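See below for input.csv, which holds CSV, C-alpha atoms and all ligand atoms.
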```csv
chain,number,residue,atom,x,y,z
A,1,MET,CA,21.0,-10.4,-13.7
A,2,ARG,CA,17.3,-9.7,-14.2
A,3,THR,CA,16.1,-12.8,-16.1
A,4,ILE,CA,12.9,-13.8,-17.8
A,5,LEU,CA,12.5,-17.6,-18.1
A,6,ILE,CA,10.1,-19.0,-20.7
A,7,GLY,CA,9.6,-22.7,-20.8
A,8,LEU,CA,9.4,-24.8,-17.7
A,9,GLY,CA,9.6,-28.4,-19.1
A,10,THR,CA,12.5,-30.7,-18.4
A,11,ILE,CA,15.1,-28.2,-19.4
A,12,GLY,CA,13.6,-25.1,-17.7
A,13,LYS,CA,13.0,-27.0,-14.4
A,14,SER,CA,16.6,-28.4,-14.5
A,15,PHE,CA,17.9,-24.9,-15.1
A,16,CYS,CA,16.1,-23.7,-11.9
A,17,GLN,CA,17.6,-26.7,-10.0
A,18,LEU,CA,21.1,-25.9,-11.2
A,19,LEU,CA,20.7,-22.3,-10.3
A,20,LEU,CA,19.9,-23.4,-6.8
A,21,ASN,CA,22.7,-25.9,-6.6
A,22,ARG,CA,25.3,-23.5,-7.9
A,23,LYS,CA,24.0,-20.3,-6.2
A,24,GLN,CA,27.1,-19.8,-4.1
A,25,ASP,CA,29.8,-20.6,-6.7
A,26,LEU,CA,28.1,-18.6,-9.5
A,27,LEU,CA,28.2,-15.6,-7.2
A,28,SER,CA,31.7,-16.1,-5.8
A,29,ASP,CA,33.3,-17.2,-9.1
A,30,TYR,CA,31.5,-15.0,-11.6
A,31,GLY,CA,29.6,-12.4,-9.6
A,32,LEU,CA,26.4,-13.9,-11.1
A,33,ASP,CA,23.2,-13.7,-9.2
A,34,PRO,CA,20.3,-14.3,-11.6
A,35,THR,CA,16.9,-13.1,-10.5
A,36,ILE,CA,13.9,-14.5,-12.2
A,37,VAL,CA,11.7,-11.5,-12.5
A,38,ALA,CA,9.2,-13.2,-14.9
A,39,ALA,CA,8.5,-16.7,-16.1
A,40,ALA,CA,6.0,-18.5,-18.3
A,41,ASP,CA,5.0,-22.1,-18.7
A,42,SER,CA,2.5,-23.6,-21.2
A,43,LYS,CA,-0.4,-22.6,-18.9
A,44,GLY,CA,0.4,-19.1,-17.8
A,45,VAL,CA,2.8,-16.4,-16.7
A,46,ALA,CA,4.2,-15.0,-13.4
A,47,ILE,CA,5.7,-11.6,-12.7
A,48,ASN,CA,7.5,-10.5,-9.6
A,49,GLU,CA,9.8,-7.5,-10.1
A,50,LYS,CA,11.6,-8.3,-6.9
A,51,GLY,CA,12.3,-11.9,-8.0
A,52,ILE,CA,10.4,-15.1,-8.0
A,53,LYS,CA,11.9,-17.6,-5.5
A,54,ILE,CA,13.6,-20.4,-7.4
A,55,ASN,CA,12.6,-22.9,-4.8
A,56,ASP,CA,8.9,-21.8,-5.3
A,57,ILE,CA,9.2,-22.4,-9.1
A,58,ILE,CA,10.6,-25.9,-8.5
A,59,ASN,CA,7.9,-26.7,-6.0
A,60,ILE,CA,5.0,-25.4,-8.1
A,61,LYS,CA,6.2,-27.3,-11.1
A,62,GLU,CA,6.7,-30.5,-9.1
A,63,ALA,CA,3.1,-30.1,-7.9
A,64,GLY,CA,2.0,-30.1,-11.5
A,65,LYS,CA,0.6,-26.5,-11.2
A,66,SER,CA,1.1,-23.5,-13.4
A,67,ILE,CA,3.7,-20.9,-12.7
A,68,SER,CA,1.0,-18.2,-12.8
A,69,GLU,CA,0.1,-19.2,-9.1
A,70,LEU,CA,3.4,-17.4,-8.1
A,71,SER,CA,2.6,-14.1,-9.8
A,72,ILE,CA,2.2,-11.0,-7.8
A,73,GLY,CA,1.7,-8.9,-10.9
A,74,ASN,CA,-0.8,-9.1,-13.7
A,75,LYS,CA,-1.2,-12.7,-14.8
A,76,ASP,CA,-3.3,-11.8,-17.8
A,77,LYS,CA,-0.3,-11.6,-20.2
A,78,THR,CA,1.3,-13.6,-22.9
A,79,ALA,CA,4.9,-14.7,-22.8
A,80,ILE,CA,5.5,-12.1,-25.6
A,81,GLU,CA,4.1,-9.3,-23.5
A,82,LEU,CA,6.3,-10.4,-20.6
A,83,ILE,CA,9.4,-10.0,-22.7
A,84,GLU,CA,8.1,-6.7,-24.1
A,85,GLU,CA,7.1,-5.1,-20.8
A,86,VAL,CA,9.2,-6.5,-18.0
A,87,ASP,CA,12.5,-4.8,-17.3
A,88,ALA,CA,15.2,-7.5,-17.7
A,89,GLU,CA,18.7,-8.0,-19.1
A,90,LEU,CA,18.3,-11.6,-20.2
A,91,LEU,CA,15.8,-14.1,-21.7
A,92,VAL,CA,16.3,-17.8,-21.1
A,93,GLU,CA,14.1,-19.6,-23.6
A,94,ALA,CA,13.4,-23.3,-23.4
A,95,THR,CA,10.2,-23.9,-25.2
A,96,PRO,CA,9.6,-27.1,-27.2
A,97,THR,CA,11.3,-27.2,-30.6
A,98,ASN,CA,9.1,-26.7,-33.7
A,99,ILE,CA,10.8,-27.2,-37.0
A,100,GLN,CA,7.9,-26.1,-39.2
A,101,ASN,CA,7.9,-22.4,-38.3
A,102,GLY,CA,10.1,-22.1,-35.2
A,103,GLU,CA,7.2,-20.9,-33.1
A,104,PRO,CA,6.7,-20.0,-30.3
A,105,SER,CA,10.5,-19.5,-30.0
A,106,ASN,CA,10.8,-17.4,-33.2
A,107,SER,CA,8.5,-14.7,-31.9
A,108,LEU,CA,10.0,-14.8,-28.4
A,109,LEU,CA,13.5,-14.3,-29.7
A,110,ASP,CA,12.3,-11.6,-32.0
A,111,ILE,CA,10.8,-9.5,-29.3
A,112,ALA,CA,13.8,-10.0,-27.0
A,113,ILE,CA,16.0,-8.7,-29.7
A,114,LYS,CA,13.8,-5.7,-30.3
A,115,THR,CA,13.7,-4.9,-26.6
A,116,LYS,CA,17.5,-5.4,-26.4
A,117,LYS,CA,17.5,-8.4,-24.0
A,118,ASN,CA,20.4,-10.8,-24.3
A,119,ILE,CA,19.3,-14.3,-25.1
A,120,ILE,CA,20.1,-17.9,-24.2
A,121,THR,CA,18.0,-20.4,-26.1
A,122,ALA,CA,18.0,-24.2,-25.9
A,123,ASN,CA,15.7,-24.2,-28.9
A,124,LYS,CA,16.9,-25.6,-32.3
A,125,GLY,CA,13.8,-24.5,-34.2
A,126,PRO,CA,14.6,-20.8,-35.2
A,127,LEU,CA,18.3,-21.6,-35.6
A,128,ALA,CA,17.6,-24.4,-38.0
A,129,ILE,CA,15.1,-22.5,-40.0
A,130,ALA,CA,16.6,-19.0,-40.1
A,131,PHE,CA,20.1,-19.1,-38.7
A,132,SER,CA,21.6,-16.2,-40.7
A,133,SER,CA,18.8,-13.7,-40.3
A,134,LEU,CA,18.6,-14.4,-36.6
A,135,ILE,CA,22.3,-13.9,-36.0
A,136,GLU,CA,22.2,-10.8,-38.2
A,137,LYS,CA,19.3,-9.3,-36.2
A,138,ALA,CA,21.0,-10.0,-32.9
A,139,ASN,CA,24.3,-8.5,-34.0
A,140,TYR,CA,22.6,-5.4,-35.5
A,141,ASN,CA,20.8,-4.8,-32.2
A,142,ASN,CA,23.9,-5.5,-30.1
A,143,VAL,CA,22.2,-8.4,-28.4
A,144,ILE,CA,24.2,-11.4,-27.3
A,145,LEU,CA,22.6,-14.6,-28.6
A,146,LYS,CA,23.9,-17.9,-27.1
A,147,TYR,CA,22.7,-21.3,-28.0
A,148,SER,CA,25.2,-23.9,-26.7
A,149,ALA,CA,22.3,-25.9,-25.2
A,150,ALA,CA,20.8,-26.4,-28.7
A,151,VAL,CA,23.5,-28.8,-29.7
A,152,GLY,CA,24.9,-31.7,-27.7
A,153,GLY,CA,23.0,-31.3,-24.4
A,154,GLY,CA,25.8,-30.6,-21.9
A,155,THR,CA,28.7,-31.4,-24.2
A,156,PRO,CA,30.4,-28.2,-25.5
A,157,ILE,CA,30.4,-29.3,-29.1
A,158,LEU,CA,30.0,-25.8,-30.6
A,159,GLU,CA,32.7,-24.4,-28.4
A,160,PHE,CA,35.1,-27.4,-29.2
A,161,GLY,CA,34.4,-26.8,-32.9
A,162,ARG,CA,35.1,-23.1,-32.6
A,163,LYS,CA,38.4,-23.8,-31.0
A,164,CYS,CA,39.3,-26.1,-33.9
A,165,LEU,CA,38.5,-23.2,-36.2
A,166,GLU,CA,40.9,-20.8,-34.5
A,167,ALA,CA,44.0,-22.2,-35.9
A,168,ASP,CA,42.8,-24.9,-38.3
A,169,ARG,CA,40.2,-25.5,-40.9
A,170,ILE,CA,37.3,-28.0,-40.5
A,171,LEU,CA,36.9,-30.0,-43.6
A,172,GLU,CA,34.2,-32.4,-42.5
A,173,ILE,CA,32.1,-33.4,-39.6
A,174,ASN,CA,30.6,-36.8,-38.9
A,175,ALA,CA,28.5,-37.1,-35.7
A,176,ILE,CA,26.0,-38.8,-33.6
A,177,LEU,CA,23.9,-35.8,-32.5
A,178,ASN,CA,20.7,-37.3,-31.2
A,179,GLY,CA,20.7,-38.9,-27.7
A,180,THR,CA,17.3,-40.5,-28.0
A,181,THR,CA,18.0,-42.4,-31.2
A,182,ASN,CA,21.4,-43.5,-30.0
A,183,TYR,CA,19.7,-44.7,-26.8
A,184,ILE,CA,17.1,-46.6,-28.9
A,185,LEU,CA,19.7,-48.2,-31.2
A,186,THR,CA,22.0,-49.1,-28.3
A,187,GLU,CA,19.2,-50.8,-26.3
A,188,MET,CA,17.9,-52.6,-29.4
A,189,ASP,CA,21.4,-53.9,-29.9
A,190,ASN,CA,22.4,-54.7,-26.3
A,191,ARG,CA,19.1,-55.8,-24.7
A,192,GLY,CA,17.2,-56.8,-27.8
A,193,LEU,CA,14.5,-54.3,-26.9
A,194,SER,CA,11.8,-53.4,-29.5
A,195,PHE,CA,12.0,-50.0,-31.1
A,196,ASN,CA,8.9,-48.8,-29.2
A,197,ASP,CA,10.0,-50.1,-25.8
A,198,ALA,CA,13.4,-48.4,-26.2
A,199,LEU,CA,11.7,-45.2,-27.3
A,200,ASN,CA,9.4,-45.3,-24.2
A,201,GLU,CA,12.4,-45.6,-22.0
A,202,ALA,CA,14.1,-42.7,-23.7
A,203,LYS,CA,11.0,-40.6,-23.1
A,204,LYS,CA,10.9,-41.5,-19.4
A,205,LEU,CA,14.6,-40.6,-19.0
A,206,GLY,CA,13.9,-37.1,-20.4
A,207,TYR,CA,15.9,-37.5,-23.6
A,208,ALA,CA,13.2,-37.2,-26.2
A,209,GLU,CA,11.7,-34.0,-27.6
A,210,SER,CA,8.1,-33.1,-26.6
A,211,ASP,CA,7.4,-34.3,-30.1
A,212,PRO,CA,9.6,-37.5,-30.3
A,213,THR,CA,9.1,-37.9,-34.0
A,214,LEU,CA,11.7,-35.1,-34.3
A,215,ASP,CA,14.2,-37.5,-32.8
A,216,VAL,CA,13.1,-40.7,-34.5
A,217,ASP,CA,12.8,-39.2,-38.0
A,218,GLY,CA,16.2,-37.5,-37.9
A,219,PHE,CA,15.1,-33.9,-37.8
A,220,ASP,CA,16.5,-33.1,-34.4
A,221,ALA,CA,20.0,-34.3,-35.6
A,222,ALA,CA,19.5,-32.4,-38.8
A,223,ALA,CA,18.6,-29.2,-37.0
A,224,LYS,CA,21.8,-29.5,-35.0
A,225,LEU,CA,23.8,-30.2,-38.1
A,226,VAL,CA,22.5,-27.1,-39.7
A,227,ILE,CA,23.6,-25.0,-36.7
A,228,MET,CA,27.0,-26.6,-36.8
A,229,GLY,CA,27.4,-26.2,-40.5
A,230,ASN,CA,26.5,-22.5,-40.3
A,231,LEU,CA,28.6,-21.7,-37.3
A,232,LEU,CA,31.6,-23.8,-37.9
A,233,LEU,CA,31.8,-24.3,-41.6
A,234,ASN,CA,30.5,-20.9,-42.6
A,235,LYS,CA,27.6,-22.5,-44.6
A,236,ASP,CA,24.3,-20.8,-45.2
A,237,LEU,CA,22.1,-23.8,-44.6
A,238,VAL,CA,18.5,-24.2,-43.6
A,239,LEU,CA,16.8,-27.5,-42.6
A,240,ASN,CA,15.3,-28.0,-46.1
A,241,ASP,CA,18.7,-28.2,-47.7
A,242,LEU,CA,19.5,-31.5,-46.0
A,243,SER,CA,18.7,-35.0,-46.9
A,244,VAL,CA,17.2,-36.6,-43.8
A,245,LYS,CA,16.4,-40.2,-43.0
A,246,GLY,CA,15.6,-41.4,-39.4
A,247,ILE,CA,15.6,-44.8,-37.7
A,248,ARG,CA,11.9,-45.6,-37.7
A,249,ASP,CA,12.3,-48.5,-40.1
A,250,ILE,CA,15.3,-50.1,-38.4
A,251,THR,CA,14.4,-53.6,-37.2
A,252,GLN,CA,16.0,-56.3,-35.0
A,253,LYS,CA,16.9,-58.0,-38.3
A,254,ASP,CA,19.0,-55.0,-39.5
A,255,ILE,CA,20.7,-54.8,-36.1
A,256,SER,CA,21.6,-58.6,-36.2
A,257,LYS,CA,22.9,-58.2,-39.8
A,258,ALA,CA,25.1,-55.3,-38.7
A,259,LYS,CA,26.3,-57.4,-35.7
A,260,GLY,CA,27.3,-60.2,-38.0
A,261,ASN,CA,29.6,-57.8,-39.8
A,262,GLY,CA,31.2,-56.6,-36.5
A,263,ASN,CA,29.2,-53.4,-36.8
A,264,THR,CA,26.3,-51.6,-35.3
A,265,ILE,CA,23.8,-49.1,-36.7
A,266,LYS,CA,24.1,-45.5,-35.7
A,267,LEU,CA,22.2,-42.4,-36.9
A,268,ILE,CA,25.0,-40.4,-38.5
A,269,ALA,CA,24.9,-36.7,-39.3
A,270,SER,CA,27.6,-35.7,-41.8
A,271,ILE,CA,28.6,-32.5,-43.5
A,272,ASN,CA,31.3,-31.8,-46.1
A,273,LYS,CA,30.2,-30.4,-49.4
A,274,SER,CA,26.7,-31.6,-48.7
A,275,ALA,CA,24.8,-32.3,-45.5
A,276,LYS,CA,22.8,-35.4,-44.6
A,277,VAL,CA,21.4,-37.5,-41.7
A,278,SER,CA,20.9,-41.2,-42.1
A,279,PRO,CA,21.3,-44.5,-40.3
A,280,ILE,CA,24.5,-46.3,-41.3
A,281,GLU,CA,26.5,-49.3,-40.1
A,282,ILE,CA,29.7,-48.4,-38.3
A,283,SER,CA,32.4,-50.5,-36.7
A,284,ARG,CA,32.0,-51.2,-33.0
A,285,GLU,CA,35.7,-50.3,-32.8
A,286,ASP,CA,35.2,-46.8,-34.2
A,287,PRO,CA,35.9,-44.3,-31.4
A,288,MET,CA,32.7,-42.5,-32.5
A,289,CYS,CA,30.6,-45.6,-31.7
A,290,VAL,CA,29.3,-44.4,-28.3
A,291,LYS,CA,26.4,-46.0,-26.3
A,292,GLY,CA,23.2,-44.8,-24.7
A,293,ALA,CA,22.3,-41.1,-24.9
A,294,LEU,CA,25.9,-40.1,-25.6
A,295,ASN,CA,26.8,-37.9,-28.6
A,296,SER,CA,30.1,-38.1,-30.4
A,297,VAL,CA,31.4,-35.7,-33.0
A,298,LYS,CA,34.4,-36.3,-35.3
A,299,PHE,CA,35.9,-33.1,-36.7
A,300,THR,CA,38.2,-33.8,-39.7
A,301,THR,CA,40.5,-30.8,-39.8
A,302,GLU,CA,43.1,-29.8,-42.5
A,303,PHE,CA,46.1,-29.7,-40.2
A,304,ALA,CA,45.4,-31.5,-36.9
A,305,GLY,CA,43.6,-34.4,-38.5
A,306,GLU,CA,40.7,-36.0,-36.7
A,307,GLU,CA,39.5,-34.8,-33.3
A,308,ILE,CA,36.6,-36.3,-31.5
A,309,ILE,CA,34.5,-35.0,-28.6
A,310,ILE,CA,32.1,-37.3,-26.7
A,311,GLY,CA,29.6,-36.4,-24.0
A,312,LYS,CA,26.0,-36.6,-22.8
A,313,GLY,CA,23.9,-35.3,-25.6
A,314,ALA,CA,20.5,-35.1,-23.8
A,315,GLY,CA,18.9,-34.9,-20.4
A,316,GLY,CA,17.6,-32.0,-18.3
A,317,MET,CA,20.6,-31.3,-16.0
A,318,GLU,CA,23.1,-31.8,-18.8
A,319,THR,CA,21.3,-29.3,-21.1
A,320,ALA,CA,20.8,-26.9,-18.2
A,321,SER,CA,24.6,-27.0,-17.6
A,322,ALA,CA,25.0,-25.7,-21.1
A,323,ILE,CA,22.6,-22.8,-20.3
A,324,ILE,CA,24.8,-22.0,-17.2
A,325,ARG,CA,27.8,-22.1,-19.5
A,326,ASP,CA,26.2,-19.5,-21.7
A,327,LEU,CA,25.1,-17.4,-18.7
A,328,VAL,CA,28.7,-17.2,-17.5
A,329,GLU,CA,29.9,-16.2,-21.0
A,330,ILE,CA,27.2,-13.5,-21.2
A,331,LYS,CA,28.1,-12.1,-17.8
A,332,GLN,CA,31.8,-12.0,-18.8
A,333,ASN,CA,30.9,-10.2,-22.1
A,334,MET,CA,28.7,-7.7,-20.3
A,335,ARG,CA,31.5,-6.8,-18.0
A,336,VAL,CA,33.8,-5.8,-20.9
B,401,LIG,N1,15.9,-34.9,-27.9
B,401,LIG,C1,17.3,-34.5,-28.0
B,401,LIG,C2,18.1,-35.7,-28.1
B,401,LIG,C3,17.6,-33.7,-26.8
B,401,LIG,O1,17.7,-36.8,-27.9
B,401,LIG,O2,19.3,-35.6,-28.4
B,401,LIG,C4,18.9,-32.9,-26.9
B,401,LIG,O3,18.8,-32.0,-27.9
```

Would you mind writing the structure in this file as structure tokens?
Amino acid sequence: MRTILIGLGTIGKSFCQLLLNRKQDLLSDYGLDPTIVAAADSKGVAINEKGIKINDIINIKEAGKSISELSIGNKDKTAIELIEEVDAELLVEATPTNIQNGEPSNSLLDIAIKTKKNIITANKGPLAIAFSSLIEKANYNNVILKYSAAVGGGTPILEFGRKCLEADRILEINAILNGTTNYILTEMDNRGLSFNDALNEAKKLGYAESDPTLDVDGFDAAAKLVIMGNLLLNKDLVLNDLSVKGIRDITQKDISKAKGNGNTIKLIASINKSAKVSPIEISREDPMCVKGALNSVKFTTEFAGEEIIIGKGAGGMETASAIIRDLVEIKQNMRV
């Protein structure tokens, strides 16, 4: 599958690593042999119509250099021009999330739709700002748009929710949707770390966004909740509809007080009639009370009752595994 890869940060690089690791089984199990014909990082672009070697991409990024050094075509192009001009079937987009205007992702997806390239995005920005119009544009142009990696890292939260919907009705969702803040709150509680020390660890572990204020102030979780509400509860939400409070003001005193009540503090995203994100005390015995960068999502359904999915909600390889999941699904859809 001729693929354009835009974004070579933690997720983009991990995607390349996973493509290498899984080369044989992707081919034998799914007939998938993705060829990266063009790529872009924050410093430049590379084109090779015959395919850029994935090993070379990994090595050049590990050396801290720009992908443009691998180009055998015209390097003097923007990422948008790559998508517009290079012959490809798929765009994999993993640029940093921007919740103000969704850029650069918004324009990249737009041009991919116009040029009829299927899309896998790990980016929450455009989905949180303009979910309905994006889905409508993709459908109208017969473009497959997949975004499993935008919610839950490697955990198939959207797929799990869609399964619930098949024979039941989701009434309410309560969830821990941000790995970074869950890591911070866990380490403040377990090891008595300060907020800043715990945040620095989360950054080093590759959990935090390029702009970690998105994690800390609750907007990353809110963006994921918007996507879930729209896809799984048929809402028509945008980020501004939500009430959002993050964990910036949580102190060791708050953590100790919660401990005294047999509880701990978690950043909970919830949606029923309204949608909100805020830190609340929950029981340590609650099955939703997960540690570290784990995510947990409790679906309250009309007939089956409560169902919970737990898994790694952040991290490069975890999120890259969701991109591979989307890749396999696109390949299966394209065969039909
Ligand atoms: N920064 C995000 C988190 C990454 O911590 O959950 C996964 O979306």

Hey, can you check how far atom CA of Asn48 of chain A sits from atom CA of Phe15 of chain A?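 Going from atom CA of Asn48 of chain A over to atom CA of Phe15 of chain A covers 18.6 Å.
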
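Among the candidates A:Asp220, A:Glu62, A:Glu166, A:Asp87, the one nearest to ligand LIG 401 (chain B) when counting all atoms listed in the file is A:Asp220.
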
Closest atom pairs, residues of segment 284-321 of chain A within 9 Å of segment 256-274 of chain A, only C-alpha atoms, as a tab-separated table:
```
residue	atom	partner	partner_atom	distance
A:Arg284	CA	A:Asn263	CA	5.2
A:Glu285	CA	A:Asn263	CA	8.2
A:Cys289	CA	A:Lys266	CA	7.6
```

Kindly provide, as a PyMOL selection string, the polymer residues lying within 12 Å of (17.9, -46.2, -24.0), counting only C-alpha atoms and using the coordinates exactly as they appear in the file. chain A and resi 178-208+291-294+314-315

Please produce an output containing C-alpha atoms for each residue in the selection, written as a PDB file, keeping the file's coordinate frame.
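Just written: out.pdb:
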```
ATOM      1  CA  ASN A 178      20.700 -37.300 -31.200  1.00  0.00           C
ATOM      2  CA  GLY A 179      20.700 -38.900 -27.700  1.00  0.00           C
ATOM      3  CA  THR A 180      17.300 -40.500 -28.000  1.00  0.00           C
ATOM      4  CA  THR A 181      18.000 -42.400 -31.200  1.00  0.00           C
ATOM      5  CA  ASN A 182      21.400 -43.500 -30.000  1.00  0.00           C
ATOM      6  CA  TYR A 183      19.700 -44.700 -26.800  1.00  0.00           C
ATOM      7  CA  ILE A 184      17.100 -46.600 -28.900  1.00  0.00           C
ATOM      8  CA  LEU A 185      19.700 -48.200 -31.200  1.00  0.00           C
ATOM      9  CA  THR A 186      22.000 -49.100 -28.300  1.00  0.00           C
ATOM     10  CA  GLU A 187      19.200 -50.800 -26.300  1.00  0.00           C
ATOM     11  CA  MET A 188      17.900 -52.600 -29.400  1.00  0.00           C
ATOM     12  CA  ASP A 189      21.400 -53.900 -29.900  1.00  0.00           C
ATOM     13  CA  ASN A 190      22.400 -54.700 -26.300  1.00  0.00           C
ATOM     14  CA  ARG A 191      19.100 -55.800 -24.700  1.00  0.00           C
ATOM     15  CA  GLY A 192      17.200 -56.800 -27.800  1.00  0.00           C
ATOM     16  CA  LEU A 193      14.500 -54.300 -26.900  1.00  0.00           C
ATOM     17  CA  SER A 194      11.800 -53.400 -29.500  1.00  0.00           C
ATOM     18  CA  PHE A 195      12.000 -50.000 -31.100  1.00  0.00           C
ATOM     19  CA  ASN A 196       8.900 -48.800 -29.200  1.00  0.00           C
ATOM     20  CA  ASP A 197      10.000 -50.100 -25.800  1.00  0.00           C
ATOM     21  CA  ALA A 198      13.400 -48.400 -26.200  1.00  0.00           C
ATOM     22  CA  LEU A 199      11.700 -45.200 -27.300  1.00  0.00           C
ATOM     23  CA  ASN A 200       9.400 -45.300 -24.200  1.00  0.00           C
ATOM     24  CA  GLU A 201      12.400 -45.600 -22.000  1.00  0.00           C
ATOM     25  CA  ALA A 202      14.100 -42.700 -23.700  1.00  0.00           C
ATOM     26  CA  LYS A 203      11.000 -40.600 -23.100  1.00  0.00           C
ATOM     27  CA  LYS A 204      10.900 -41.500 -19.400  1.00  0.00           C
ATOM     28  CA  LEU A 205      14.600 -40.600 -19.000  1.00  0.00           C
ATOM     29  CA  GLY A 206      13.900 -37.100 -20.400  1.00  0.00           C
ATOM     30  CA  TYR A 207      15.900 -37.500 -23.600  1.00  0.00           C
ATOM     31  CA  ALA A 208      13.200 -37.200 -26.200  1.00  0.00           C
ATOM     32  CA  LYS A 291      26.400 -46.000 -26.300  1.00  0.00           C
ATOM     33  CA  GLY A 292      23.200 -44.800 -24.700  1.00  0.00           C
ATOM     34  CA  ALA A 293      22.300 -41.100 -24.900  1.00  0.00           C
ATOM     35  CA  LEU A 294      25.900 -40.100 -25.600  1.00  0.00           C
ATOM     36  CA  ALA A 314      20.500 -35.100 -23.800  1.00  0.00           C
ATOM     37  CA  GLY A 315      18.900 -34.900 -20.400  1.00  0.00           C
TER      38      GLY A 315
END
```

Residue neighbourhood segment 81-83 of chain A, 9 Å, all atoms listed in the file, exclusion window fewer than 3 positions, as number ranges by chain: A: 4, 38-40, 45-47, 77-78, 86-88, 91, 108, 111-112, 115, 117

Excluding same-chain residues fewer than 6 positions from Asn106 of chain A, what lies within 9 Å of it counting all atoms listed in the file, as an MDAnalysis selection string? chainID A and resid 125:127

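Residues in contact with segment 154-159 of chain A at 8 Å, where all atoms listed in the file are counted and same-chain residues fewer than 6 positions away are skipped, are listed as A:Ser148, A:Met228, A:Leu231, A:Leu232, A:Val297, A:Ile309, A:Ile310, A:Gly311, A:Lys312, A:Gly313, A:Ala314, A:Met317, A:Glu318, A:Thr319, A:Ala320, A:Ser321, A:Ala322.
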
Written file, previous selection with C-alpha atoms, as a short mmCIF file (atom, residue, chain, number, x, y, z; two decimals), in the frame of the given file:
```cif
data_model
loop_
_atom_site.label_atom_id
_atom_site.label_comp_id
_atom_site.auth_asym_id
_atom_site.auth_seq_id
_atom_site.Cartn_x
_atom_site.Cartn_y
_atom_site.Cartn_z
CA SER A 148 25.20 -23.90 -26.70
CA MET A 228 27.00 -26.60 -36.80
CA LEU A 231 28.60 -21.70 -37.30
CA LEU A 232 31.60 -23.80 -37.90
CA VAL A 297 31.40 -35.70 -33.00
CA ILE A 309 34.50 -35.00 -28.60
CA ILE A 310 32.10 -37.30 -26.70
CA GLY A 311 29.60 -36.40 -24.00
CA LYS A 312 26.00 -36.60 -22.80
CA GLY A 313 23.90 -35.30 -25.60
CA ALA A 314 20.50 -35.10 -23.80
CA MET A 317 20.60 -31.30 -16.00
CA GLU A 318 23.10 -31.80 -18.80
CA THR A 319 21.30 -29.30 -21.10
CA ALA A 320 20.80 -26.90 -18.20
CA SER A 321 24.60 -27.00 -17.60
CA ALA A 322 25.00 -25.70 -21.10
#
```

Spatial neighbours of Val216 of chain A, max dist 6 Å, all atoms listed in the file, sep filter under 4 positions, as an MDAnalysis selection string: chainID A and resid 246:248

Could you please determine the separation between atom CA of Asp217 of chain A and atom CA of Gly316 of chain A in Å, to one decimal place? 21.5 Å

Distance atom C1 of ligand LIG 401 (chain B)-atom CA of Asp215 of chain A, one decimal place?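 Interatomic distance, atom C1 of ligand LIG 401 (chain B) to atom CA of Asp215 of chain A: 6.5 Å.
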
Could you check the closest approach to Lys276 of chain A for each of A:Ala122, A:Leu18, A:Val37, A:Ile173 and tell me which residue wins, using all atoms listed in the file?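 Using all atoms listed in the file, the shortest distance to Lys276 of chain A belongs to A:Ile173.
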
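Remark: for ligand LIG 401 (chain B), the closest of the candidate residues A:Pro279, A:Gly152, A:Gly229, A:Gly44 is A:Gly152 (distances computed over all atoms listed in the file).
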
Given the point (24.8, -20.4, -20.4) in the coordinates of this file, which residues lie within 9 Å, counting only C-alpha atoms, and how would they look as a PyMOL selection string? chain A and resi 92+120-121+146-149+320-330

Between A:Asp56, A:Glu84, A:Asp76, A:Glu209, which residue has the minimum interatomic distance to ligand LIG 401 (chain B), considering all atoms listed in the file?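 Nearest to ligand LIG 401 (chain B): A:Glu209.
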
Restricting the calculation to only C-alpha atoms, which member of A:Leu27, A:Ile280, A:Ala221, A:Ala304 is positioned closest to Ala150 of chain A? A:Ala221
